[in-house]
Amino acid sequence: MGDRFPYNEVSIALADLCSPWSALQPPNRIRISEGAAKSFMIKRPGGGSGLWNPRETPYMIKPMDTLASRRHSAVCFVGPAQTGKTAALVDGWLVHAVINDPGDMLIVQMTQDKSREFSKQRLDRAIKNSPDLWAMRSVQARDDNLHDKQFKNGMWVRVAWPTATNFASTSYRYVAGTDYDRWNQGKEDVDGEGDGFGLMGKRITTFLSRGMVMVESSPGRPRLDPTWVKPIGTHEAPPVGDDETGGGILGVYNRGDRQRWMWPCPHCREWFEAEPGLGLFHLPSDDELLEDIRNIDVDKFARQHARVPCPHCGAIIKPAAKDRMNQAGIWIEEGLSIDDLGRISGTARTSSIASFWLGGVAATYVSWETLIRKQLQGLLDFSMTGGELALQTTANTDQGIPYLSRRLAAAAAKNSTERFDTAVRRFIVPDEARFLVASVDVQGGKNARFSVQVHAIGPHQEQWLVDRYDIKESKREGMGQPFAPIDPARYAEDWDVLTERVVQSTYRTSDPDREMRIKLTVVDTGGEGEMSDKDAGVTNHSYAWYRRLRKAGLHKRACLYKGRGGLLDWFIKETMVGGAQGKGDVPLLMVATNRVKDIVDANLQRATPGPGYYHFPPPKDPIANPDGWLPKSFFDELKAEVRGDNGVWEQIKTRNETFDHCVMIRAGCLFLKVDKRTFWDNPPAWALPFALNSDSVVKEVRQVEQAVRQERVAPPAPPPGPQAQTASQGRQVRRSSYLGG
């Protein structure tokens with residue numbers, strides 16, 4: 001057959017046969033940016049008109065063309081307003097797809113009103129003003145309505161908004177999401193079905209590598225971690241949002257290959273990043289500007305500083321050079337570098353998501369002077385009203401960066417300097433200390449554990465870290481391992497591990513023959529505010545544990561703790577809880593956490609040793625301190641909360657155990673009345689120097705006591721499995737001896 005019908009004749013005959021049915025035509029092999037430049041006509045009332053021109057926004061060419069990649073399943077573009085990103089990645093992509101490579105497309109706007117606006121102002125105008133697209137429209141009236149467009153080749157375009165219904169059932173080859181960070185009022189979850197980006201990806205799965213998801217947005221989620229520092233040599237974006245709002249567009253960007261826009265200096269030809277924010281202008285700090293912002297001529301200042309010193313040669317680059325640098329610019333993935341000859345080297349980060357982050361400094365439709373002017377106007381507004389909305393808006397939509405509030409920035413500056421005491425040794429009580437206080441923070445969930453921290457307390461509450469560890473194993477028999485994972489909320493007997501491991505533990509001193517007991521163990525009994533099922537289990541089991549301590553004569557060495565939020569006029573209160581008919585039999589220390597946190601924070605800021613000072617060892621570091629025992633996360637947790645202007649402390653990081661421990665230990669000191677003005681004039685026996693201290697013990701005596709305890713005090717048998725279940729699990733509940741007196 002090949003001899004009778006040469007390939008080219010067959011192709012011509014097939015094209016002639018299929019010409020009346022455009023749905024049967026093969027795709028045109030043309031880049032998306034070329035297809036848009038050829039067919040996408042832009043006409044707006046009161047504005048210019050003409051074909052979309054890639055030279056106006058050269059930084060959009062690669063993101064556009066990547067939309068046809070078979071290696072990537074998604075394209076993520078982060079950039080400010082006035083970059084032309086929507087015209088390129090939504091309008092231009094749609095025009096190209098309809099004319100050159102058809103496939104059903106879903107375009108998701110942030111709200112129903114915005115989807116209507118997009119359909120009327122952008123989509124209908126693109127069809128009307130672009131002859132090639134107009135020729136592809138269906139002549140059937142039913143194929144053209146506000147949210148649905150059908151074309152001759154069978155391609156269906158739907159304009160929708162983020163709801164579970166709009167993401168359900170139907171498959172699309174192309175899915176585009178605009179203003180992603182503003183979906184659902186800035187929340188990641190869509191009607192309880194999951195994050196929007198993940199739901200978009202589900203719609204293209206049947207098309208395999210031919211499907212494509214695109215999300216674009218300016219940053220809209222707040223930056224909540226003031227301690228984050230950009231790692232050297234990477235393109236990583238800072239973490240933004242929280243558990244409710246999620247990571248947004250920058251979270252998607254971080255999962256991708258992290259490409260940044262690079263410029264060649266017109267003077268030395270070295271390359272540098274057109275980075276998001278205002279860093280390239282080398283302006284005075286916001287704190288410096290705020291000191292004199294009301295006396296600054298904003299327009300004059302903006303004109304004078306609208307220039308970029310080259311990071312390499314220091315030459316001043318003027319605004320007129322921006323377009324020339326953009327025309328020569330190039331996207332570089334994380335892990336790559338480019339030299340003055342344009343040679344790229346390194347190993348690129350790989351991902352199925354091609355992600356791009358463009359700074360406002362490179363945006364075609366906003367000038368450098370405007371960027372600086374809006375920042376100054378935001379600072380002026382802040383100085384006069386205390387409001388940060390103008391600063392946040394210009395950071396997000398002009399500079400292309402997530403906003404860090406002034407309050408959190410101040411917290412970051414306050415905690416920027418670390419103080420390490422190399423003399424602090426694990427398990428060793430320093431000679432200056434007088435007694436030990438331990439704290440136990442109860443953690444539930446999949447990573448259930450008792451988090452324990454021990455401080456040595458000296459005169460006037462100078463403190464040394466002695467130990468920090470987690471208790472993750474119970475004494476119950478495990479499956480495939482000696483002991484089962486600890487579960488403080490479900491198993492009452494798991495609390496007895498604290499008796500042996502914490503309450504009865506001792507620590508070494510400089511005298512090899514003497515050790516020191518822990519004077520007080522402060523134990524958390526559940527979270528603040530409304531009590532969850534998990535907290536209820538922890539609370540009830542902590543009360544039962546305290547009763548067992550009382551029977552063993554150890555209750556004076558333990559204190560049950562519960563924090564109270566809000567602005568209260570007291571520090572600590574002791575109340576009786578548990579018992580029958582409302583008659584409490586267990587003492588519970590109620591703590592006004594906001595007030596105690598103020599004390600802890602003030603002492604953490606103390607620069608020199610003395611009253612209230614915290615001595616922490618340097619963290620473990622593979623180079624600087626390979627023998628260290630304290631992980632760097634310890635100090636991250638220490639900065640996990642910041643104080644609001646209203647006096648209420650706010651958690652900004654997921655893990656805050658270190659800070660909580662410091663608060664609990666300080667509350668324990670208040671419970672022991674160490675804060676009293678005359679306490680150190682005549683301290684009790686347990687607060688004397690360790691040679692005279694009633695809690696110091698000869699090591700051999702401690703070993704004998706331990707052996708006697710192990711022989712005479714056998715732990716009660718744990719209750720059968722069904723009795724260990726909580727009521728919230730819907731199973732039969734019987735009262736265990738662990739819940740009694």
# chains A, B, ... in the order shown; residues from 1 in each chain; ligands from 1

call {"tool": "closest_atom_pairs", "arguments": {"of": "stretch 365-444 of chain A", "to": "stretch 538-545 of chain A", "cutoff": "10 Å", "atoms": "only C-alpha atoms", "output": "Markdown table"}}
result
| residue | atom | partner | partner_atom | distance |
| --- | --- | --- | --- | --- |
| A:Val442 | CA | A:Val538 | CA | 7.9 |
| A:Gln443 | CA | A:Val538 | CA | 9.5 |
| A:Gly444 | CA | A:Val538 | CA | 8.8 |

call {"tool": "residues_around", "arguments": {"residues": "A:Met262", "least_positions_apart": "5", "cutoff": "7 Å", "atoms": "only C-alpha atoms", "output": "list in words"}}
result
Trp271, Phe272, Glu273, Ala274, Gly329, Ile330, Trp331 and Ile332 of chain A

call {"tool": "write_last_selection", "arguments": {"atoms": "N, CA, C and O atoms", "output": "PDB file, in the first residue's frame"}}
result
ATOM      1  N   TRP A 271      25.224  38.559  35.736  1.00  0.00           N
ATOM      2  CA  TRP A 271      23.798  38.339  35.913  1.00  0.00           C
ATOM      3  C   TRP A 271      23.401  38.459  37.380  1.00  0.00           C
ATOM      4  O   TRP A 271      24.152  38.080  38.272  1.00  0.00           O
ATOM      5  N   PHE A 272      22.214  38.976  37.617  1.00  0.00           N
ATOM      6  CA  PHE A 272      21.671  39.046  38.974  1.00  0.00           C
ATOM      7  C   PHE A 272      20.161  38.888  38.901  1.00  0.00           C
ATOM      8  O   PHE A 272      19.538  39.090  37.853  1.00  0.00           O
ATOM      9  N   GLU A 273      19.575  38.532  40.030  1.00  0.00           N
ATOM     10  CA  GLU A 273      18.138  38.256  40.053  1.00  0.00           C
ATOM     11  C   GLU A 273      17.320  39.533  40.194  1.00  0.00           C
ATOM     12  O   GLU A 273      17.637  40.398  41.022  1.00  0.00           O
ATOM     13  N   ALA A 274      16.275  39.653  39.385  1.00  0.00           N
ATOM     14  CA  ALA A 274      15.293  40.729  39.555  1.00  0.00           C
ATOM     15  C   ALA A 274      14.352  40.301  40.675  1.00  0.00           C
ATOM     16  O   ALA A 274      13.191  39.972  40.465  1.00  0.00           O
ATOM     17  N   GLY A 329      16.562  38.920  29.495  1.00  0.00           N
ATOM     18  CA  GLY A 329      16.422  38.131  30.713  1.00  0.00           C
ATOM     19  C   GLY A 329      16.215  36.647  30.459  1.00  0.00           C
ATOM     20  O   GLY A 329      15.870  36.211  29.347  1.00  0.00           O
ATOM     21  N   ILE A 330      16.416  35.853  31.496  1.00  0.00           N
ATOM     22  CA  ILE A 330      16.293  34.406  31.372  1.00  0.00           C
ATOM     23  C   ILE A 330      15.807  33.845  32.709  1.00  0.00           C
ATOM     24  O   ILE A 330      16.140  34.359  33.779  1.00  0.00           O
ATOM     25  N   TRP A 331      14.968  32.811  32.630  1.00  0.00           N
ATOM     26  CA  TRP A 331      14.522  32.110  33.834  1.00  0.00           C
ATOM     27  C   TRP A 331      15.542  31.044  34.213  1.00  0.00           C
ATOM     28  O   TRP A 331      16.003  30.293  33.362  1.00  0.00           O
ATOM     29  N   ILE A 332      15.868  30.987  35.511  1.00  0.00           N
ATOM     30  CA  ILE A 332      16.853  30.028  36.011  1.00  0.00           C
ATOM     31  C   ILE A 332      16.224  29.211  37.141  1.00  0.00           C
ATOM     32  O   ILE A 332      15.715  29.765  38.115  1.00  0.00           O
TER      33      ILE A 332
END

call {"tool": "residues_around", "arguments": {"residues": "A:Thr422", "least_positions_apart": "2", "cutoff": "12 Å", "atoms": "only C-alpha atoms", "output": "list in words"}}
result
Arg419, Phe420, Val424, Arg425, Arg426, Trp464, Leu465, His615, Phe616, Pro617, Pro618, Pro619, Lys620, Asn625, Asp627, Gly628, Trp629 and Leu630 of chain A

call {"tool": "write_last_selection", "arguments": {"atoms": "N, CA and C atoms", "output": "compact mmCIF listing (two decimals), in the first residue's frame"}}
result
# COMPACT_ATOMS: atom_id res chain seq x y z
N ARG A 419 22.19 33.85 72.26
CA ARG A 419 23.21 33.86 73.31
C ARG A 419 23.40 32.43 73.77
N PHE A 420 24.59 31.90 73.59
CA PHE A 420 24.85 30.52 73.96
C PHE A 420 25.88 30.46 75.07
N VAL A 424 27.25 25.09 79.66
CA VAL A 424 26.08 24.29 80.01
C VAL A 424 26.28 22.87 79.50
N ARG A 425 26.13 21.89 80.40
CA ARG A 425 26.32 20.49 80.03
C ARG A 425 25.05 19.72 80.37
N ARG A 426 24.72 18.79 79.52
CA ARG A 426 23.52 18.00 79.74
C ARG A 426 23.69 17.08 80.95
N TRP A 464 19.37 27.42 84.17
CA TRP A 464 20.24 26.67 83.27
C TRP A 464 19.46 25.47 82.73
N LEU A 465 19.52 25.26 81.43
CA LEU A 465 18.90 24.07 80.85
C LEU A 465 19.73 22.85 81.21
N HIS A 615 20.37 30.28 80.58
CA HIS A 615 21.61 29.73 80.04
C HIS A 615 21.26 28.53 79.15
N PHE A 616 21.48 28.66 77.85
CA PHE A 616 21.24 27.57 76.91
C PHE A 616 22.53 27.21 76.21
N PRO A 617 22.79 25.93 75.97
CA PRO A 617 24.00 25.53 75.24
C PRO A 617 23.83 25.82 73.75
N PRO A 618 24.93 25.92 73.01
CA PRO A 618 24.81 26.10 71.56
C PRO A 618 24.19 24.86 70.92
N PRO A 619 23.43 25.03 69.83
CA PRO A 619 22.78 23.88 69.21
C PRO A 619 23.78 23.00 68.46
N LYS A 620 23.37 21.79 68.23
CA LYS A 620 24.20 20.86 67.47
C LYS A 620 24.36 21.36 66.04
N ASN A 625 29.50 22.71 65.83
CA ASN A 625 29.32 22.07 67.13
C ASN A 625 28.81 20.64 66.95
N ASP A 627 29.35 17.97 68.54
CA ASP A 627 29.08 17.22 69.76
C ASP A 627 27.90 17.80 70.54
N GLY A 628 27.24 18.79 70.01
CA GLY A 628 26.12 19.39 70.71
C GLY A 628 24.96 18.41 70.86
N TRP A 629 24.13 18.62 71.89
CA TRP A 629 23.02 17.69 72.14
C TRP A 629 21.66 18.35 71.91
N LEU A 630 21.65 19.65 71.70
CA LEU A 630 20.39 20.38 71.56
C LEU A 630 20.13 20.69 70.09

call {"tool": "residues_around", "arguments": {"residues": "A:Ala160", "least_positions_apart": "4", "cutoff": "8 Å", "atoms": "only C-alpha atoms", "output": "JSON, numbers by chain"}}
result
{"A": [106, 107, 108, 109, 112, 115, 147, 166]}

call {"tool": "write_last_selection", "arguments": {"atoms": "all heavy atoms", "output": "PDB file, in the first residue's frame"}}
result
ATOM      1  N   LEU A 106     -11.287  24.424  31.774  1.00  0.00           N
ATOM      2  CA  LEU A 106     -11.972  25.009  32.921  1.00  0.00           C
ATOM      3  C   LEU A 106     -11.148  26.194  33.410  1.00  0.00           C
ATOM      4  O   LEU A 106      -9.962  26.054  33.692  1.00  0.00           O
ATOM      5  CB  LEU A 106     -12.117  23.979  34.046  1.00  0.00           C
ATOM      6  CG  LEU A 106     -12.687  24.497  35.374  1.00  0.00           C
ATOM      7  CD1 LEU A 106     -14.134  24.956  35.213  1.00  0.00           C
ATOM      8  CD2 LEU A 106     -12.582  23.427  36.468  1.00  0.00           C
ATOM      9  N   ILE A 107     -11.788  27.366  33.480  1.00  0.00           N
ATOM     10  CA  ILE A 107     -11.132  28.570  33.992  1.00  0.00           C
ATOM     11  C   ILE A 107     -11.806  28.937  35.306  1.00  0.00           C
ATOM     12  O   ILE A 107     -13.011  29.183  35.344  1.00  0.00           O
ATOM     13  CB  ILE A 107     -11.232  29.737  32.993  1.00  0.00           C
ATOM     14  CG1 ILE A 107     -10.556  29.360  31.670  1.00  0.00           C
ATOM     15  CG2 ILE A 107     -10.606  30.996  33.572  1.00  0.00           C
ATOM     16  CD1 ILE A 107     -10.718  30.393  30.571  1.00  0.00           C
ATOM     17  N   VAL A 108     -11.034  28.956  36.389  1.00  0.00           N
ATOM     18  CA  VAL A 108     -11.590  29.175  37.724  1.00  0.00           C
ATOM     19  C   VAL A 108     -11.199  30.570  38.207  1.00  0.00           C
ATOM     20  O   VAL A 108     -10.017  30.872  38.381  1.00  0.00           O
ATOM     21  CB  VAL A 108     -11.092  28.111  38.717  1.00  0.00           C
ATOM     22  CG1 VAL A 108     -11.799  28.274  40.058  1.00  0.00           C
ATOM     23  CG2 VAL A 108     -11.312  26.709  38.163  1.00  0.00           C
ATOM     24  N   GLN A 109     -12.207  31.400  38.409  1.00  0.00           N
ATOM     25  CA  GLN A 109     -12.029  32.721  38.995  1.00  0.00           C
ATOM     26  C   GLN A 109     -12.260  32.634  40.504  1.00  0.00           C
ATOM     27  O   GLN A 109     -12.782  31.642  41.013  1.00  0.00           O
ATOM     28  CB  GLN A 109     -13.007  33.708  38.359  1.00  0.00           C
ATOM     29  CG  GLN A 109     -12.795  33.930  36.876  1.00  0.00           C
ATOM     30  CD  GLN A 109     -11.544  34.734  36.593  1.00  0.00           C
ATOM     31  OE1 GLN A 109     -11.264  35.735  37.239  1.00  0.00           O
ATOM     32  NE2 GLN A 109     -10.782  34.295  35.605  1.00  0.00           N
ATOM     33  N   GLN A 112     -17.947  33.936  42.094  1.00  0.00           N
ATOM     34  CA  GLN A 112     -18.935  33.855  41.021  1.00  0.00           C
ATOM     35  C   GLN A 112     -19.037  35.184  40.284  1.00  0.00           C
ATOM     36  O   GLN A 112     -19.149  35.225  39.048  1.00  0.00           O
ATOM     37  CB  GLN A 112     -20.298  33.458  41.586  1.00  0.00           C
ATOM     38  CG  GLN A 112     -21.359  33.232  40.518  1.00  0.00           C
ATOM     39  CD  GLN A 112     -22.646  32.691  41.095  1.00  0.00           C
ATOM     40  OE1 GLN A 112     -22.763  32.471  42.298  1.00  0.00           O
ATOM     41  NE2 GLN A 112     -23.626  32.462  40.240  1.00  0.00           N
ATOM     42  N   SER A 115     -16.129  35.491  37.966  1.00  0.00           N
ATOM     43  CA  SER A 115     -16.250  34.626  36.790  1.00  0.00           C
ATOM     44  C   SER A 115     -17.159  35.287  35.752  1.00  0.00           C
ATOM     45  O   SER A 115     -16.910  35.214  34.547  1.00  0.00           O
ATOM     46  CB  SER A 115     -16.787  33.249  37.194  1.00  0.00           C
ATOM     47  OG  SER A 115     -18.133  33.321  37.615  1.00  0.00           O
ATOM     48  N   HIS A 147     -21.366  31.388  31.258  1.00  0.00           N
ATOM     49  CA  HIS A 147     -20.313  30.575  31.863  1.00  0.00           C
ATOM     50  C   HIS A 147     -19.824  29.435  30.971  1.00  0.00           C
ATOM     51  O   HIS A 147     -18.927  28.692  31.381  1.00  0.00           O
ATOM     52  CB  HIS A 147     -20.805  29.996  33.191  1.00  0.00           C
ATOM     53  CG  HIS A 147     -21.081  31.040  34.238  1.00  0.00           C
ATOM     54  ND1 HIS A 147     -20.106  31.813  34.793  1.00  0.00           N
ATOM     55  CD2 HIS A 147     -22.253  31.445  34.807  1.00  0.00           C
ATOM     56  CE1 HIS A 147     -20.636  32.649  35.672  1.00  0.00           C
ATOM     57  NE2 HIS A 147     -21.942  32.443  35.698  1.00  0.00           N
ATOM     58  N   ASN A 166     -18.227  22.568  41.306  1.00  0.00           N
ATOM     59  CA  ASN A 166     -17.564  22.941  40.052  1.00  0.00           C
ATOM     60  C   ASN A 166     -16.318  22.099  39.776  1.00  0.00           C
ATOM     61  O   ASN A 166     -15.851  22.040  38.637  1.00  0.00           O
ATOM     62  CB  ASN A 166     -17.190  24.424  40.076  1.00  0.00           C
ATOM     63  CG  ASN A 166     -18.387  25.321  39.845  1.00  0.00           C
ATOM     64  OD1 ASN A 166     -19.333  24.945  39.156  1.00  0.00           O
ATOM     65  ND2 ASN A 166     -18.360  26.516  40.428  1.00  0.00           N
TER      66      ASN A 166
END

call {"tool": "select_by_dssp", "arguments": {"residues": "stretch 175-307 of chain A", "states": "strand (DSSP E)", "output": "PyMOL selection string"}}
result
chain A and resi 175-178+212-217+259-264+271-273

call {"tool": "residues_around", "arguments": {"residues": "A:Lys322", "least_positions_apart": "4", "cutoff": "8 Å", "atoms": "only C-alpha atoms", "output": "list in words"}}
result
Lys318, Asn326 and Ala362 of chain A

call {"tool": "write_last_selection", "arguments": {"atoms": "N, CA and C atoms", "output": "CSV table (one decimal), in the first residue's frame"}}
result
chain,number,residue,atom,x,y,z
A,318,LYS,N,19.7,52.7,35.5
A,318,LYS,CA,18.6,53.6,35.5
A,318,LYS,C,17.4,52.9,34.9
A,326,ASN,N,15.0,43.2,30.4
A,326,ASN,CA,13.9,42.2,30.3
A,326,ASN,C,14.0,41.4,29.0
A,362,ALA,N,10.6,43.9,37.9
A,362,ALA,CA,10.7,43.6,36.5
A,362,ALA,C,9.4,43.8,35.8

call {"tool": "closest_atom_pairs", "arguments": {"of": "stretch 395-481 of chain A", "to": "stretch 686-705 of chain A", "cutoff": "8 Å", "atoms": "only C-alpha atoms", "output": "Markdown table"}}
result
| residue | atom | partner | partner_atom | distance |
| --- | --- | --- | --- | --- |
| A:Asp431 | CA | A:Phe690 | CA | 7.5 |
| A:Glu432 | CA | A:Pro689 | CA | 7.6 |
| A:Ala433 | CA | A:Pro689 | CA | 7.3 |
| A:Arg434 | CA | A:Ala687 | CA | 4.8 |
| A:Phe435 | CA | A:Ala687 | CA | 5.7 |

call {"tool": "select_by_dssp", "arguments": {"residues": "stretch 134-331 of chain A", "states": "alpha helix (DSSP H)", "output": "count of residues only"}}
result
40

call {"tool": "atom_distance", "arguments": {"atom1": "atom CA of A:Gln82", "atom2": "atom CA of A:Ile204"}}
result
29.5 Å

call {"tool": "residues_around", "arguments": {"residues": "stretch 72-81 of chain A", "least_positions_apart": "2", "cutoff": "6 Å", "atoms": "only C-alpha atoms", "output": "list in words"}}
result
Ser69, Arg70, Thr83, Met212, Val213, Met214, Val215, Glu216, Ser217, Ser218, Ser352, Ile353, Ala354, Ser355, Phe356, Trp357, Leu358, Gly360, Thr397, Asp398 and Gly400 of chain A

call {"tool": "atom_distance", "arguments": {"atom1": "atom CA of A:Arg343", "atom2": "atom CA of A:Ala237"}}
result
25.4 Å

call {"tool": "atom_distance", "arguments": {"atom1": "atom CA of A:Ser510", "atom2": "atom CA of A:Pro611"}}
result
22.3 Å

call {"tool": "residues_around", "arguments": {"residues": "A:Ala306", "least_positions_apart": "5", "cutoff": "12 Å", "atoms": "only C-alpha atoms", "output": "PyMOL selection string"}}
result
chain A and resi 278-283+299-301+316-322+361+366-373

call {"tool": "write_last_selection", "arguments": {"atoms": "N, CA, C and O atoms", "output": "mmCIF file, in the first residue's frame"}}
result
data_model
loop_
_atom_site.group_PDB
_atom_site.id
_atom_site.type_symbol
_atom_site.label_atom_id
_atom_site.label_comp_id
_atom_site.auth_asym_id
_atom_site.auth_seq_id
_atom_site.Cartn_x
_atom_site.Cartn_y
_atom_site.Cartn_z
ATOM 1 N N LEU A 278 11.756 45.133 47.375
ATOM 2 C CA LEU A 278 12.453 46.384 47.046
ATOM 3 C C LEU A 278 13.940 46.323 47.362
ATOM 4 O O LEU A 278 14.609 47.350 47.382
ATOM 5 N N GLY A 279 14.465 45.127 47.599
ATOM 6 C CA GLY A 279 15.853 44.994 48.022
ATOM 7 C C GLY A 279 16.860 45.557 47.038
ATOM 8 O O GLY A 279 17.905 46.068 47.446
ATOM 9 N N LEU A 280 16.568 45.491 45.731
ATOM 10 C CA LEU A 280 17.538 45.952 44.730
ATOM 11 C C LEU A 280 17.758 47.461 44.775
ATOM 12 O O LEU A 280 18.780 47.951 44.281
ATOM 13 N N PHE A 281 16.804 48.217 45.365
ATOM 14 C CA PHE A 281 16.947 49.672 45.399
ATOM 15 C C PHE A 281 17.818 50.149 46.560
ATOM 16 O O PHE A 281 18.214 51.318 46.604
ATOM 17 N N HIS A 282 18.119 49.269 47.509
ATOM 18 C CA HIS A 282 18.948 49.605 48.667
ATOM 19 C C HIS A 282 18.413 50.838 49.400
ATOM 20 O O HIS A 282 19.164 51.780 49.711
ATOM 21 N N LEU A 283 17.130 50.828 49.691
ATOM 22 C CA LEU A 283 16.515 51.920 50.436
ATOM 23 C C LEU A 283 16.895 51.824 51.909
ATOM 24 O O LEU A 283 17.281 50.759 52.395
ATOM 25 N N ASP A 299 7.401 62.115 46.574
ATOM 26 C CA ASP A 299 7.630 62.060 45.123
ATOM 27 C C ASP A 299 9.101 62.272 44.783
ATOM 28 O O ASP A 299 9.670 61.562 43.941
ATOM 29 N N LYS A 300 9.730 63.224 45.444
ATOM 30 C CA LYS A 300 11.148 63.494 45.176
ATOM 31 C C LYS A 300 12.016 62.317 45.606
ATOM 32 O O LYS A 300 12.938 61.907 44.877
ATOM 33 N N PHE A 301 11.730 61.778 46.785
ATOM 34 C CA PHE A 301 12.497 60.636 47.279
ATOM 35 C C PHE A 301 12.365 59.460 46.318
ATOM 36 O O PHE A 301 13.352 58.777 46.017
ATOM 37 N N ILE A 316 25.332 52.205 38.548
ATOM 38 C CA ILE A 316 23.928 52.565 38.709
ATOM 39 C C ILE A 316 23.164 52.247 37.427
ATOM 40 O O ILE A 316 23.517 52.733 36.344
ATOM 41 N N ILE A 317 22.127 51.448 37.556
ATOM 42 C CA ILE A 317 21.272 51.088 36.424
ATOM 43 C C ILE A 317 20.015 51.942 36.501
ATOM 44 O O ILE A 317 19.286 51.899 37.495
ATOM 45 N N LYS A 318 19.739 52.711 35.467
ATOM 46 C CA LYS A 318 18.607 53.625 35.463
ATOM 47 C C LYS A 318 17.358 52.942 34.915
ATOM 48 O O LYS A 318 17.433 51.912 34.243
ATOM 49 N N PRO A 319 16.168 53.520 35.175
ATOM 50 C CA PRO A 319 14.913 52.889 34.744
ATOM 51 C C PRO A 319 14.836 52.599 33.252
ATOM 52 O O PRO A 319 14.186 51.626 32.847
ATOM 53 N N ALA A 320 15.486 53.420 32.422
ATOM 54 C CA ALA A 320 15.417 53.214 30.976
ATOM 55 C C ALA A 320 16.010 51.881 30.551
ATOM 56 O O ALA A 320 15.710 51.382 29.457
ATOM 57 N N ALA A 321 16.860 51.293 31.399
ATOM 58 C CA ALA A 321 17.509 50.030 31.040
ATOM 59 C C ALA A 321 16.630 48.823 31.355
ATOM 60 O O ALA A 321 16.979 47.703 30.972
ATOM 61 N N LYS A 322 15.494 49.021 32.037
ATOM 62 C CA LYS A 322 14.689 47.875 32.459
ATOM 63 C C LYS A 322 14.195 47.060 31.270
ATOM 64 O O LYS A 322 14.289 45.819 31.276
ATOM 65 N N VAL A 361 9.835 44.516 40.488
ATOM 66 C CA VAL A 361 10.877 45.354 39.893
ATOM 67 C C VAL A 361 11.009 45.101 38.393
ATOM 68 O O VAL A 361 11.468 45.965 37.638
ATOM 69 N N VAL A 366 4.556 48.732 35.579
ATOM 70 C CA VAL A 366 4.703 49.552 36.782
ATOM 71 C C VAL A 366 6.144 50.049 36.844
ATOM 72 O O VAL A 366 7.088 49.289 36.605
ATOM 73 N N SER A 367 6.315 51.317 37.131
ATOM 74 C CA SER A 367 7.657 51.909 37.131
ATOM 75 C C SER A 367 8.331 51.717 38.485
ATOM 76 O O SER A 367 7.680 51.499 39.508
ATOM 77 N N TRP A 368 9.659 51.830 38.476
ATOM 78 C CA TRP A 368 10.402 51.747 39.722
ATOM 79 C C TRP A 368 9.997 52.879 40.667
ATOM 80 O O TRP A 368 9.882 52.685 41.876
ATOM 81 N N GLU A 369 9.791 54.050 40.112
ATOM 82 C CA GLU A 369 9.387 55.192 40.939
ATOM 83 C C GLU A 369 8.061 54.915 41.635
ATOM 84 O O GLU A 369 7.883 55.238 42.814
ATOM 85 N N THR A 370 7.129 54.292 40.917
ATOM 86 C CA THR A 370 5.828 53.978 41.506
ATOM 87 C C THR A 370 5.964 52.969 42.637
ATOM 88 O O THR A 370 5.298 53.082 43.675
ATOM 89 N N LEU A 371 6.810 51.962 42.449
ATOM 90 C CA LEU A 371 7.027 50.971 43.509
ATOM 91 C C LEU A 371 7.489 51.637 44.803
ATOM 92 O O LEU A 371 6.969 51.346 45.889
ATOM 93 N N ILE A 372 8.453 52.528 44.685
ATOM 94 C CA ILE A 372 9.002 53.181 45.875
ATOM 95 C C ILE A 372 7.988 54.147 46.473
ATOM 96 O O ILE A 372 7.814 54.216 47.696
ATOM 97 N N ARG A 373 7.285 54.883 45.623
ATOM 98 C CA ARG A 373 6.301 55.853 46.108
ATOM 99 C C ARG A 373 5.205 55.161 46.924
ATOM 100 O O ARG A 373 4.817 55.633 47.998
#

call {"tool": "closest_residue", "arguments": {"among": "A:Met60, A:Asp104, A:Glu244, A:Leu404", "to": "A:Gly194", "atoms": "only C-alpha atoms"}}
result
A:Glu244

call {"tool": "closest_residue", "arguments": {"among": "A:Gly92, A:Gly612, A:Gly211, A:Gly48", "to": "A:Ala36", "atoms": "only C-alpha atoms"}}
result
A:Gly92

call {"tool": "decode", "arguments": {"residues": "stretch 506-511 of chain A", "atoms": "N, CA and C atoms", "output": "mmCIF file, in the first residue's frame"}}
result
data_model
loop_
_atom_site.group_PDB
_atom_site.id
_atom_site.type_symbol
_atom_site.label_atom_id
_atom_site.label_comp_id
_atom_site.auth_asym_id
_atom_site.auth_seq_id
_atom_site.Cartn_x
_atom_site.Cartn_y
_atom_site.Cartn_z
ATOM 1 N N THR A 506 17.026 11.846 89.200
ATOM 2 C CA THR A 506 18.062 12.710 89.778
ATOM 3 C C THR A 506 19.051 13.092 88.687
ATOM 4 N N TYR A 507 19.810 14.176 88.957
ATOM 5 C CA TYR A 507 20.806 14.647 88.001
ATOM 6 C C TYR A 507 22.152 14.838 88.698
ATOM 7 N N ARG A 508 23.207 14.659 87.931
ATOM 8 C CA ARG A 508 24.560 14.714 88.481
ATOM 9 C C ARG A 508 24.940 16.151 88.862
ATOM 10 N N THR A 509 25.871 16.262 89.761
ATOM 11 C CA THR A 509 26.439 17.552 90.147
ATOM 12 C C THR A 509 27.940 17.509 89.900
ATOM 13 N N SER A 510 28.624 18.584 90.263
ATOM 14 C CA SER A 510 30.087 18.590 90.091
ATOM 15 C C SER A 510 30.769 17.634 91.063
ATOM 16 N N ASP A 511 30.053 17.233 92.117
ATOM 17 C CA ASP A 511 30.559 16.220 93.049
ATOM 18 C C ASP A 511 30.158 14.851 92.498
#
